[in-house]
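Asks: Below you'll find the structure I mean.
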Amino acid sequence: MKVGVSSYTWAWAVGRRGYEPEQPMDTFGLLEKTKQNKIKVLQLADNISLHKMNKKELKKISDAAQNHGIEIELGTKGMEPEKLLQYLSIAKQLGSIIVRTITHRLDREAVSWIREVLPLYQEAGVSIAVENHDEHSTDELVAFIESVGSAYVGVCLDTVNSFAALESPEDVVKNLAPYTINIHIKDFDIERADHMLGFSIVGKPAGEGRLDIVKIINYLKKYGREPNAILELWTPYTGSIGETIIKEDEWAKRSIRYLKKVFM
């Protein structure tokens with residue numbers, strides 16, 4: 001199990017719609033951040049539009065990653081065969097053995113889409129990791145994975161996404177651990193509003209919130225699962241893009257220091 005970072009570790013620096021920085025962090029900036037923090041895995045998720053890049057641009061990314069000794073993982077959105085095949089091609093170029101995807105569809109048609117592309121994924125030795133999200137329950141995701149019935153299709157377990165589906169991190173881990181091939185470590189806290197009428201779920205640096213990271217990892221190991229652990233952050237907006245990016249980077253460093261102690 002390796003510690004990894006993501007384009008969602010520095011999501012504000014990469015850019016959010018309506019909150020674009022003057023100079024968004026690109027793929028090479030992410031590779032440099034990964035190198036500076038002495039991390040060997042970088043997940044380029046759906047906030048990086050790899051599918052809009054040509055082969056020459058992708059080769060530059062591949063060469064830079066190899067020069068830094070960094071393993072690339074891919075992330076996209078959607079289950080449509082054309083999307084999955086497009087990202088399989090990119091995975092081959094960048095040497096990724098995982099394509100993580102997010103979808104709101106876990107129906108029979110989505111199962112047929114996965115099965116349509118599965119032989120090519122298996123031939124390439126690339127797995128599809130479907131992330132749990134607020135669009136569905138973990139029971140629905142497990143049923144979907146079992147319907148596909150392939151060792152090349154599993155779960156990208158996100159530790160807090162399923163709050164919106166009224167599921168706790170503990171329940172998510174218990175339900176999804178046997179199917180997990182990738183994990184997003186995302187720490188959190190629950191804060192009561194100043195007026196005492198309600199609560200907010202907020203991000204925290206890894207190891208500084210309510211997420212029992214050690215317990216989660218030990219639970220995964222019980223099922224023989226030791227996926228790369230990818231750091232994601234929900235850094236709060238501070239009122240300006242520049243200040244938020246600085247805070248985000250501070251949180252990334254603190255999180256990485258903690259995760260290195262846990263995993264290394």
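Identifiers for the structure tokens are assigned positionally: chains receive A, B, ... in sequence, residues are indexed from 1 per chain, and ligands are indexed from 1 in the order shown.
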For the strand (DSSP E) assignment from backbone DSSP, which residues of region 17-228 of chain A qualify? Please present them as a PyMOL selection string.

Replies: chain A and resi 41-44+71-77+98-102+127-131+153-158+180-185+187-192+199-204

Asks: Keeping N, CA and C atoms, export the residues of the selection given above as a short mmCIF file (atom, residue, chain, number, x, y, z; two decimals), in the first residue's frame.

Replies:
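And here's out-v5.cif as it stands now:
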data_model
loop_
_atom_site.label_atom_id
_atom_site.label_comp_id
_atom_site.auth_asym_id
_atom_site.auth_seq_id
_atom_site.Cartn_x
_atom_site.Cartn_y
_atom_site.Cartn_z
N VAL A 41 3.02 8.29 -6.05
CA VAL A 41 1.78 8.01 -6.79
C VAL A 41 0.99 9.31 -6.95
N LEU A 42 0.55 9.59 -8.16
CA LEU A 42 -0.27 10.76 -8.44
C LEU A 42 -1.51 10.33 -9.22
N GLN A 43 -2.68 10.61 -8.66
CA GLN A 43 -3.93 10.33 -9.37
C GLN A 43 -4.43 11.59 -10.06
N LEU A 44 -4.50 11.52 -11.38
CA LEU A 44 -5.01 12.62 -12.19
C LEU A 44 -6.49 12.35 -12.43
N GLU A 71 4.28 7.06 -10.23
CA GLU A 71 3.25 6.22 -10.83
C GLU A 71 1.97 7.04 -11.03
N ILE A 72 1.41 6.97 -12.22
CA ILE A 72 0.19 7.71 -12.53
C ILE A 72 -1.04 6.81 -12.42
N GLU A 73 -2.09 7.34 -11.81
CA GLU A 73 -3.41 6.72 -11.83
C GLU A 73 -4.37 7.71 -12.50
N LEU A 74 -5.42 7.17 -13.13
CA LEU A 74 -6.36 8.02 -13.87
C LEU A 74 -7.73 8.06 -13.20
N GLY A 75 -8.41 9.18 -13.41
CA GLY A 75 -9.79 9.31 -12.95
C GLY A 75 -10.62 10.04 -13.99
N THR A 76 -11.86 9.58 -14.15
CA THR A 76 -12.78 10.23 -15.09
C THR A 76 -14.19 10.18 -14.51
N LYS A 77 -15.17 10.56 -15.31
CA LYS A 77 -16.58 10.47 -14.94
C LYS A 77 -17.33 9.75 -16.04
N ILE A 98 -5.18 1.63 -13.26
CA ILE A 98 -6.51 1.89 -12.74
C ILE A 98 -7.15 3.05 -13.50
N VAL A 99 -8.42 2.92 -13.81
CA VAL A 99 -9.24 4.04 -14.25
C VAL A 99 -10.38 4.16 -13.26
N ARG A 100 -10.33 5.18 -12.43
CA ARG A 100 -11.40 5.43 -11.46
C ARG A 100 -12.49 6.24 -12.15
N THR A 101 -13.74 5.89 -11.88
CA THR A 101 -14.82 6.65 -12.49
C THR A 101 -15.94 6.89 -11.47
N ILE A 102 -16.72 7.92 -11.73
CA ILE A 102 -17.88 8.28 -10.92
C ILE A 102 -19.10 8.24 -11.83
N SER A 127 -7.72 -1.98 -14.35
CA SER A 127 -8.97 -2.17 -13.60
C SER A 127 -9.82 -0.91 -13.60
N ILE A 128 -11.12 -1.09 -13.50
CA ILE A 128 -12.07 0.01 -13.36
C ILE A 128 -12.48 0.10 -11.90
N ALA A 129 -12.29 1.27 -11.31
CA ALA A 129 -12.64 1.49 -9.90
C ALA A 129 -13.80 2.47 -9.83
N VAL A 130 -14.97 1.99 -9.43
CA VAL A 130 -16.17 2.82 -9.36
C VAL A 130 -16.26 3.45 -7.97
N GLU A 131 -16.31 4.77 -7.92
CA GLU A 131 -16.29 5.48 -6.63
C GLU A 131 -17.68 5.60 -6.04
N VAL A 153 -13.13 -5.13 -12.02
CA VAL A 153 -14.05 -4.05 -11.69
C VAL A 153 -14.27 -4.08 -10.17
N GLY A 154 -13.86 -2.99 -9.52
CA GLY A 154 -13.99 -2.90 -8.07
C GLY A 154 -14.41 -1.51 -7.66
N VAL A 155 -14.09 -1.17 -6.41
CA VAL A 155 -14.54 0.06 -5.81
C VAL A 155 -13.38 1.00 -5.53
N CYS A 156 -13.59 2.27 -5.80
CA CYS A 156 -12.74 3.33 -5.26
C CYS A 156 -13.48 3.85 -4.03
N LEU A 157 -12.98 3.50 -2.86
CA LEU A 157 -13.67 3.82 -1.61
C LEU A 157 -13.31 5.23 -1.17
N ASP A 158 -14.28 6.13 -1.23
CA ASP A 158 -14.08 7.48 -0.70
C ASP A 158 -14.65 7.53 0.71
N THR A 180 -12.70 -3.20 -2.57
CA THR A 180 -11.90 -1.98 -2.74
C THR A 180 -10.60 -2.25 -3.47
N ILE A 181 -10.35 -1.47 -4.52
CA ILE A 181 -9.08 -1.54 -5.25
C ILE A 181 -8.37 -0.19 -5.27
N ASN A 182 -9.01 0.81 -4.68
CA ASN A 182 -8.43 2.15 -4.58
C ASN A 182 -9.16 2.85 -3.44
N ILE A 183 -8.47 3.74 -2.72
CA ILE A 183 -9.13 4.44 -1.63
C ILE A 183 -8.73 5.90 -1.61
N HIS A 184 -9.73 6.76 -1.37
CA HIS A 184 -9.49 8.19 -1.19
C HIS A 184 -9.55 8.49 0.31
N ILE A 185 -8.42 8.90 0.86
CA ILE A 185 -8.38 9.31 2.26
C ILE A 185 -8.77 10.79 2.33
N ASP A 187 -10.26 13.38 5.22
CA ASP A 187 -10.64 13.55 6.63
C ASP A 187 -11.67 14.67 6.77
N PHE A 188 -12.36 14.68 7.91
CA PHE A 188 -13.49 15.59 8.07
C PHE A 188 -13.73 15.90 9.54
N ASP A 189 -14.56 16.89 9.77
CA ASP A 189 -15.10 17.16 11.09
C ASP A 189 -16.57 17.53 10.91
N ILE A 190 -17.33 17.45 11.99
CA ILE A 190 -18.73 17.88 11.99
C ILE A 190 -18.85 19.02 12.99
N GLU A 191 -19.23 20.18 12.50
CA GLU A 191 -19.27 21.37 13.34
C GLU A 191 -20.70 21.89 13.48
N ARG A 192 -21.05 22.28 14.69
CA ARG A 192 -22.36 22.89 14.92
C ARG A 192 -22.31 24.35 14.49
N PHE A 199 -25.77 21.56 11.59
CA PHE A 199 -24.37 21.15 11.56
C PHE A 199 -23.82 21.31 10.14
N SER A 200 -22.50 21.37 10.05
CA SER A 200 -21.81 21.36 8.76
C SER A 200 -20.74 20.28 8.78
N ILE A 201 -20.62 19.56 7.66
CA ILE A 201 -19.51 18.61 7.48
C ILE A 201 -18.41 19.35 6.74
N VAL A 202 -17.24 19.44 7.36
CA VAL A 202 -16.14 20.23 6.80
C VAL A 202 -14.89 19.38 6.68
N GLY A 203 -14.03 19.76 5.74
CA GLY A 203 -12.79 19.05 5.55
C GLY A 203 -11.77 19.37 6.62
N LYS A 204 -10.82 18.45 6.80
CA LYS A 204 -9.70 18.62 7.71
C LYS A 204 -8.45 17.97 7.09
#

Asks: Give me, as a PyMOL selection string, all polymer residues having an atom no more than 7 Å from region 27-33 of chain A, counting only C-alpha atoms and skipping those fewer than 2 positions away in the same chain.

Replies: chain A and resi 7+25+35-37+65

Asks: Which residues, written as number ranges by chain, have at least one atom at most 12 Å from Met53 (chain A), with only C-alpha atoms counted and residues fewer than 5 positions away on the same chain left out?

Replies: A: 27, 48, 58-61, 86-87, 89-90, 93

Asks: Take the selection from the previous step and output its residues with N, CA and C atoms, as an mmCIF file, in the first residue's frame.

Replies:
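Output file result_6.cif follows:
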data_model
loop_
_atom_site.group_PDB
_atom_site.id
_atom_site.type_symbol
_atom_site.label_atom_id
_atom_site.label_comp_id
_atom_site.auth_asym_id
_atom_site.auth_seq_id
_atom_site.Cartn_x
_atom_site.Cartn_y
_atom_site.Cartn_z
ATOM 1 N N THR A 27 -0.758 19.690 -15.051
ATOM 2 C CA THR A 27 -0.277 18.350 -14.732
ATOM 3 C C THR A 27 1.187 18.363 -14.304
ATOM 4 N N ILE A 48 -8.812 17.205 -14.277
ATOM 5 C CA ILE A 48 -7.753 17.368 -15.276
ATOM 6 C C ILE A 48 -8.253 16.733 -16.574
ATOM 7 N N LEU A 58 0.405 13.889 -23.985
ATOM 8 C CA LEU A 58 0.368 12.792 -23.020
ATOM 9 C C LEU A 58 1.741 12.150 -22.855
ATOM 10 N N LYS A 59 2.502 12.088 -23.947
ATOM 11 C CA LYS A 59 3.855 11.513 -23.855
ATOM 12 C C LYS A 59 4.748 12.382 -22.970
ATOM 13 N N LYS A 60 4.589 13.691 -23.046
ATOM 14 C CA LYS A 60 5.371 14.586 -22.185
ATOM 15 C C LYS A 60 5.060 14.329 -20.715
ATOM 16 N N ILE A 61 3.769 14.093 -20.423
ATOM 17 C CA ILE A 61 3.373 13.786 -19.054
ATOM 18 C C ILE A 61 3.975 12.458 -18.618
ATOM 19 N N GLN A 86 -11.784 5.511 -24.226
ATOM 20 C CA GLN A 86 -10.892 6.662 -24.368
ATOM 21 C C GLN A 86 -9.879 6.691 -23.223
ATOM 22 N N TYR A 87 -10.363 6.452 -21.999
ATOM 23 C CA TYR A 87 -9.460 6.491 -20.849
ATOM 24 C C TYR A 87 -8.605 5.231 -20.737
ATOM 25 N N SER A 89 -7.218 3.947 -23.384
ATOM 26 C CA SER A 89 -6.129 4.338 -24.272
ATOM 27 C C SER A 89 -5.148 5.258 -23.552
ATOM 28 N N ILE A 90 -5.676 6.216 -22.785
ATOM 29 C CA ILE A 90 -4.821 7.139 -22.033
ATOM 30 C C ILE A 90 -4.061 6.379 -20.950
ATOM 31 N N GLN A 93 -1.068 4.807 -22.341
ATOM 32 C CA GLN A 93 -0.008 5.767 -22.627
ATOM 33 C C GLN A 93 0.708 6.243 -21.365
#

Asks: Would you kindly return, as JSON, numbers by chain, each protein, DNA or RNA residue with an atom no farther than 6 Å from any atom of region 241-247 of chain A, considering only C-alpha atoms and excluding same-chain residues fewer than 3 positions away?

Replies: {"A": [12, 13, 237, 238, 250]}
